[in-house]
Structures are given as C-alpha cells and as structure tokens.
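So this block is final.pdb, PDB, C-alpha atoms:
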```pdb
ATOM      1  CA  MET E 229       0.887  12.452  10.845
ATOM      2  CA  LYS E 230      -0.589  10.961  14.006
ATOM      3  CA  ASN E 231      -0.775   7.259  14.883
ATOM      4  CA  GLU E 232       1.650   6.325  12.169
ATOM      5  CA  THR E 233       4.419   3.824  11.881
ATOM      6  CA  ALA E 234       6.884   4.768   9.213
ATOM      7  CA  LYS E 235      10.304   3.731   8.078
ATOM      8  CA  GLN E 236      12.515   5.439   5.555
ATOM      9  CA  ASP E 237      15.463   3.561   4.188
ATOM     10  CA  ILE E 238      18.123   6.285   4.051
ATOM     11  CA  GLU E 239      20.499   4.262   1.870
ATOM     12  CA  THR E 240      17.894   3.793  -0.836
ATOM     13  CA  PRO E 241      15.046   6.111  -1.824
ATOM     14  CA  CYS E 242      12.205   4.076  -0.295
ATOM     15  CA  TRP E 243       9.462   4.941   2.174
ATOM     16  CA  TYR E 244       7.187   2.530   4.049
ATOM     17  CA  TYR E 245       4.137   3.605   6.020
ATOM     18  CA  LEU E 246       1.414   2.069   8.159
ATOM     19  CA  SER E 247      -1.029   4.717   9.291
ATOM     20  CA  GLN E 248      -4.305   5.022  11.173
ATOM     21  CA  GLU E 249      -4.807   8.374   9.453
ATOM     22  CA  PRO E 250      -5.987   8.766   5.847
ATOM     23  CA  ILE E 251      -3.277   8.420   3.227
ATOM     24  CA  ALA E 252      -1.952  11.823   2.167
ATOM     25  CA  MET E 253      -1.507  11.757  -1.601
ATOM     26  CA  GLU E 254       0.511  14.982  -1.550
ATOM     27  CA  THR E 255       3.055  13.169   0.643
ATOM     28  CA  VAL E 256       3.116  10.242  -1.781
ATOM     29  CA  HIS E 257       3.885  12.492  -4.749
ATOM     30  CA  HIS E 258       6.396  14.535  -2.729
ATOM     31  CA  HIS E 259       8.371  11.387  -1.872
ATOM     32  CA  LEU E 260       8.292  10.061  -5.442
ATOM     33  CA  ALA E 261       9.268  13.301  -7.181
ATOM     34  CA  ASP E 262      12.650  13.071  -8.846
ATOM     35  CA  PRO E 263      14.078  15.220 -11.664
ATOM     36  CA  ALA E 264      15.615  12.086 -13.231
ATOM     37  CA  ALA E 265      12.262  10.281 -13.332
ATOM     38  CA  GLY E 266      10.265  10.411 -16.540
ATOM     39  CA  GLY E 267       7.462   8.330 -15.073
ATOM     40  CA  GLU E 268       5.715   8.095 -11.734
ATOM     41  CA  VAL E 269       3.142   5.330 -11.314
ATOM     42  CA  VAL E 270       0.951   5.327  -8.235
ATOM     43  CA  PHE E 271      -1.472   2.488  -7.613
ATOM     44  CA  THR E 272      -4.203   3.408  -5.149
ATOM     45  CA  GLY E 273      -6.485   0.771  -3.701
ATOM     46  CA  THR E 274      -9.804   2.151  -2.496
ATOM     47  CA  VAL E 275     -12.669   0.698  -0.499
ATOM     48  CA  ARG E 276     -15.395  -0.423  -2.898
ATOM     49  CA  ASN E 277     -19.057  -0.849  -2.028
ATOM     50  CA  HIS E 278     -19.401  -4.522  -2.994
ATOM     51  CA  HIS E 279     -17.694  -7.887  -2.728
ATOM     52  CA  ALA E 280     -18.888 -11.427  -3.431
ATOM     53  CA  GLY E 281     -22.444 -10.275  -4.061
ATOM     54  CA  ARG E 282     -22.692  -8.320  -0.802
ATOM     55  CA  HIS E 283     -23.110  -4.597  -0.241
ATOM     56  CA  VAL E 284     -19.974  -3.509   1.655
ATOM     57  CA  THR E 285     -20.243  -0.575   4.080
ATOM     58  CA  ALA E 286     -16.630  -0.320   5.335
ATOM     59  CA  LEU E 287     -13.326  -2.165   5.725
ATOM     60  CA  GLU E 288     -11.031  -2.454   8.717
ATOM     61  CA  PHE E 289      -7.335  -3.320   8.538
ATOM     62  CA  GLU E 290      -5.016  -4.755  11.173
ATOM     63  CA  ALA E 291      -1.318  -5.498  10.794
ATOM     64  CA  TYR E 292       1.647  -6.979  12.546
ATOM     65  CA  GLY E 293       3.392  -3.613  12.194
ATOM     66  CA  GLU E 294       7.064  -4.473  12.579
ATOM     67  CA  MET E 295       6.777  -7.513  10.347
ATOM     68  CA  ALA E 296       4.710  -5.627   7.739
ATOM     69  CA  LEU E 297       7.314  -2.855   7.496
ATOM     70  CA  ALA E 298      10.061  -5.473   7.141
ATOM     71  CA  GLU E 299       8.079  -7.108   4.319
ATOM     72  CA  PHE E 300       7.614  -3.702   2.665
ATOM     73  CA  GLY E 301      11.419  -3.386   2.766
ATOM     74  CA  ARG E 302      11.879  -6.769   1.096
ATOM     75  CA  ILE E 303       9.368  -5.838  -1.604
ATOM     76  CA  ALA E 304      11.118  -2.512  -2.235
ATOM     77  CA  ALA E 305      14.511  -4.269  -2.405
ATOM     78  CA  ALA E 306      13.125  -6.788  -4.913
ATOM     79  CA  ILE E 307      11.747  -3.938  -7.025
ATOM     80  CA  GLN E 308      15.121  -2.184  -6.988
ATOM     81  CA  ALA E 309      16.933  -5.399  -7.902
ATOM     82  CA  ARG E 310      14.654  -6.104 -10.862
ATOM     83  CA  TRP E 311      13.988  -2.642 -12.335
ATOM     84  CA  SER E 312      15.952   0.567 -12.616
ATOM     85  CA  VAL E 313      13.739   2.706 -10.399
ATOM     86  CA  ARG E 314      14.433   6.035  -8.720
ATOM     87  CA  LYS E 315      12.127   5.782  -5.685
ATOM     88  CA  VAL E 316       9.602   3.406  -4.111
ATOM     89  CA  LEU E 317       6.791   4.067  -1.627
ATOM     90  CA  LEU E 318       4.535   1.504   0.094
ATOM     91  CA  TRP E 319       1.752   2.771   2.380
ATOM     92  CA  HIS E 320      -1.117   0.865   3.952
ATOM     93  CA  ARG E 321      -3.903   2.308   6.024
ATOM     94  CA  LEU E 322      -4.877   0.626   9.279
ATOM     95  CA  GLY E 323      -8.127   0.881  11.179
ATOM     96  CA  ARG E 324     -11.545   1.511   9.696
ATOM     97  CA  ALA E 325     -11.940   2.963   6.195
ATOM     98  CA  LYS E 326     -15.158   4.110   4.518
ATOM     99  CA  ILE E 327     -16.326   3.491   0.961
ATOM    100  CA  GLY E 328     -14.196   5.467  -1.466
ATOM    101  CA  GLU E 329     -11.284   6.010   0.924
ATOM    102  CA  THR E 330      -7.774   5.007  -0.109
ATOM    103  CA  CYS E 331      -6.487   2.052   1.884
ATOM    104  CA  VAL E 332      -3.232   1.193   0.091
ATOM    105  CA  VAL E 333      -0.736   2.972  -2.151
ATOM    106  CA  VAL E 334       2.235   1.597  -4.041
ATOM    107  CA  GLY E 335       4.224   4.238  -5.869
ATOM    108  CA  VAL E 336       7.293   4.007  -8.077
ATOM    109  CA  SER E 337       9.232   6.622  -9.977
ATOM    110  CA  ALA E 338      11.590   5.593 -12.753
ATOM    111  CA  ALA E 339      13.315   7.064 -15.773
ATOM    112  CA  HIS E 340      10.859   5.310 -18.090
ATOM    113  CA  ARG E 341       7.143   4.514 -17.801
ATOM    114  CA  ALA E 342       7.400   0.795 -18.610
ATOM    115  CA  GLU E 343       9.645   0.147 -15.612
ATOM    116  CA  ALA E 344       7.431   2.268 -13.353
ATOM    117  CA  PHE E 345       4.259   0.395 -14.406
ATOM    118  CA  GLU E 346       5.832  -3.058 -14.089
ATOM    119  CA  ALA E 347       7.427  -2.300 -10.727
ATOM    120  CA  ALA E 348       4.226  -0.823  -9.258
ATOM    121  CA  ARG E 349       2.195  -3.850 -10.393
ATOM    122  CA  TYR E 350       4.739  -6.195  -8.884
ATOM    123  CA  GLY E 351       4.744  -4.158  -5.655
ATOM    124  CA  ILE E 352       0.989  -4.259  -5.062
ATOM    125  CA  ASP E 353       0.760  -7.938  -5.961
ATOM    126  CA  ARG E 354       3.548  -8.841  -3.510
ATOM    127  CA  LEU E 355       2.147  -6.578  -0.782
ATOM    128  CA  LYS E 356      -1.316  -8.164  -1.034
ATOM    129  CA  ALA E 357       0.119 -11.693  -1.047
ATOM    130  CA  GLU E 358       2.867 -11.411   1.561
ATOM    131  CA  ALA E 359       2.437  -8.537   4.021
ATOM    132  CA  PRO E 360       0.886  -9.499   7.377
ATOM    133  CA  ILE E 361      -2.110  -7.206   6.992
ATOM    134  CA  TRP E 362      -5.616  -8.485   7.618
ATOM    135  CA  LYS E 363      -8.858  -7.083   6.251
ATOM    136  CA  ARG E 364     -12.270  -7.193   7.905
ATOM    137  CA  GLU E 365     -15.200  -6.464   5.637
ATOM    138  CA  TYR E 366     -18.365  -4.889   7.017
ATOM    139  CA  PHE E 367     -21.479  -5.510   4.963
ATOM    140  CA  GLU E 368     -25.209  -5.286   5.387
ATOM    141  CA  GLY E 369     -26.070  -7.947   7.920
ATOM    142  CA  GLY E 370     -22.622  -8.706   9.320
ATOM    143  CA  ASP E 371     -18.871  -8.744   8.929
ATOM    144  CA  ALA E 372     -16.130 -11.203   8.016
ATOM    145  CA  TRP E 373     -12.360 -11.407   7.793
ATOM    146  CA  VAL E 374     -11.190 -11.622   4.175
ATOM    147  CA  THR E 375      -8.046 -13.472   3.116
ATOM    148  CA  ASN E 376      -5.461 -11.611   1.066
ATOM    149  CA  HIS E 377      -5.080 -12.426  -2.580
ATOM    150  CA  PRO E 378      -3.081 -10.908  -5.442
TER
END
```

Whole structure given in structure tokens:
Amino acid sequence: MKNETAKQDIETPCWYYLSQEPIAMETVHHHLADPAAGGEVVFTGTVRNHHAGRHVTALEFEAYGEMALAEFGRIAAAIQARWSVRKVLLWHRLGRAKIGETCVVVGVSAAHRAEAFEAARYGIDRLKAEAPIWKREYFEGGDAWVTNHP
C-alpha cells in the first residue's frame, strides 16, 4: 500500500495503520483471521452525506502520525488487558474521502462474540476520543473542522 504509515506489534497480534489510500477490507479480515477465534467484529466508519443539518460532500483527515500510532498501541493494549481477544486492528484513513468511503476500521477477533463486540466498541470510542486525528467536513457552501467525539 502506498503512502501508508503502519506498525505491527510483533509481540502481540495487533496492527495499526494510517493510510492515504482506501482501506482494504481484505487486509483487515486477513489480519484478524484466527482459527481460535469464534467471533470477528469489524466496525467500519464511513463518510455520510449529512451532519448538523448540512449536506456533506466529503471529509478530509489529518493526523499527528507518530502520536496517533502510539495512541492506537495504547488502545490495543487496553483492549488486551480487559478482554480475552486474539487480535486487534486499528486503521484510519488520511486525506480526502468521498461519501460512502470507509474512513476508519476497528477490528477484533476473540474466542467469543460478546468479547469481540465489547472490545470493538471500546476501541472505536477510545480512538475517536483520544487519537490525534482531525476531521475537516466539506459541505455545500463551505467547510469546517469538526471536533472528535465518542
């Protein structure tokens, strides 16, 4: 993948990506596959066509890359400390994304579905609240930076 910053934690089964390129879902599922996992939960955040009563035409994301990847690592470590998971993947798109395109993925595989669902929910909430990633919203008539929120 071009224009990508990625980190894989070799000691634990976690992958963290920041990419200018579209998110490759086949890569997500490849990383999360595990014969000991009975559940794989993948949250995908996509660009929607509206926000706060405005018609949105696109989003643009910027990040403090090194710090964002470090935060992804802390989130993955917190997930592993709290739930018995097999693998974790955090991936955020950078640059401009069109309506319908995937801009963020949090994936977790675990032996049981309940742990996978809870861990994935926790992961996306923490990523949105804590990772240094900024979103610019383009809408009819202008654009504005949007603050992160869980």

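Among the candidates E:Glu365, E:Val316, E:Val284, E:Ala344, the one nearest to E:Gly301 when counting only C-alpha atoms is E:Val316.
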
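By chain and then residue number, the residues within 12 Å of E:Tyr350 are Val269, Phe271, Ile303, Ala304, Ala305, Ala306, Ile307, Gln308, Arg310, Trp311, Val316, Leu318, Val334, Gly335, Val336, Glu343, Ala344, Phe345, Glu346, Ala347, Asp353, Arg354, Leu355, Lys356, Ala357, Glu358 and Pro378 of chain E, counting only C-alpha atoms and disregarding those fewer than 3 positions away in sequence.
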
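Put simply, the PyMOL selection byres ((chain E and resi 262) around 8) in this file takes in Leu260, Ala261, Pro263, Ala264, Ala265, Arg314, Lys315 and Ser337 of chain E.
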
**Q.** Separation of atom CA of E:Arg302 from atom CA of E:His258 in Å
**A.** 22.3 Å

Q.
Just checking: using all atoms listed in the file, which residue out of E:Thr285, E:His279, E:Ala338, E:Ala372 ends up closest to E:Lys326?
A. E:Thr285

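Each of E:Phe289, E:Tyr366, E:Trp319, E:Trp373 was checked against E:Tyr244 using all atoms listed in the file; the smallest atom-to-atom distance is that of E:Trp319.
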
Q | Result set of the PyMOL selection byres ((chain E and resi 374) around 6) on the coordinates above, as a PyMOL selection string | A | chain E and resi 363-364+373+375

(Q) Assuming the chain letters and numbering stay as they are in my file, what does the PyMOL selection byres ((chain E and resi 293) around 9) actually select? List them as an NGL selection string. (A) :E and (233 or 246 or 290-292 or 294-298 or 360-361)

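Going from atom CA of E:Trp362 to atom CA of E:Met253 covers 22.6 Å.
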
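Take the candidates E:Leu317, E:Ala280, E:Ala325, E:Ala309 and check each one against E:His259 using only C-alpha atoms; the shortest distance goes to E:Leu317.
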
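Each of E:Gly267, E:Pro241, E:Gly273, E:Pro250 was compared to E:Ile352 using all atoms listed in the file, and E:Gly273 turns out to be the nearest.
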
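Between atom CA of E:His278 and atom CA of E:Thr255 there is a distance of 28.8 Å.
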
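Closest to E:Val313 among E:Glu254, E:Glu368, E:Glu268, E:Glu249 is E:Glu268, based on all atoms listed in the file.
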
Q.
Using only C-alpha atoms - which residues lie no farther than 12 Å from the point (-15.4, 9.5, 3.6) in the file's frame? Write them as a PyMOL selection string.
A. chain E and resi 250+274-276+285-286+324-331
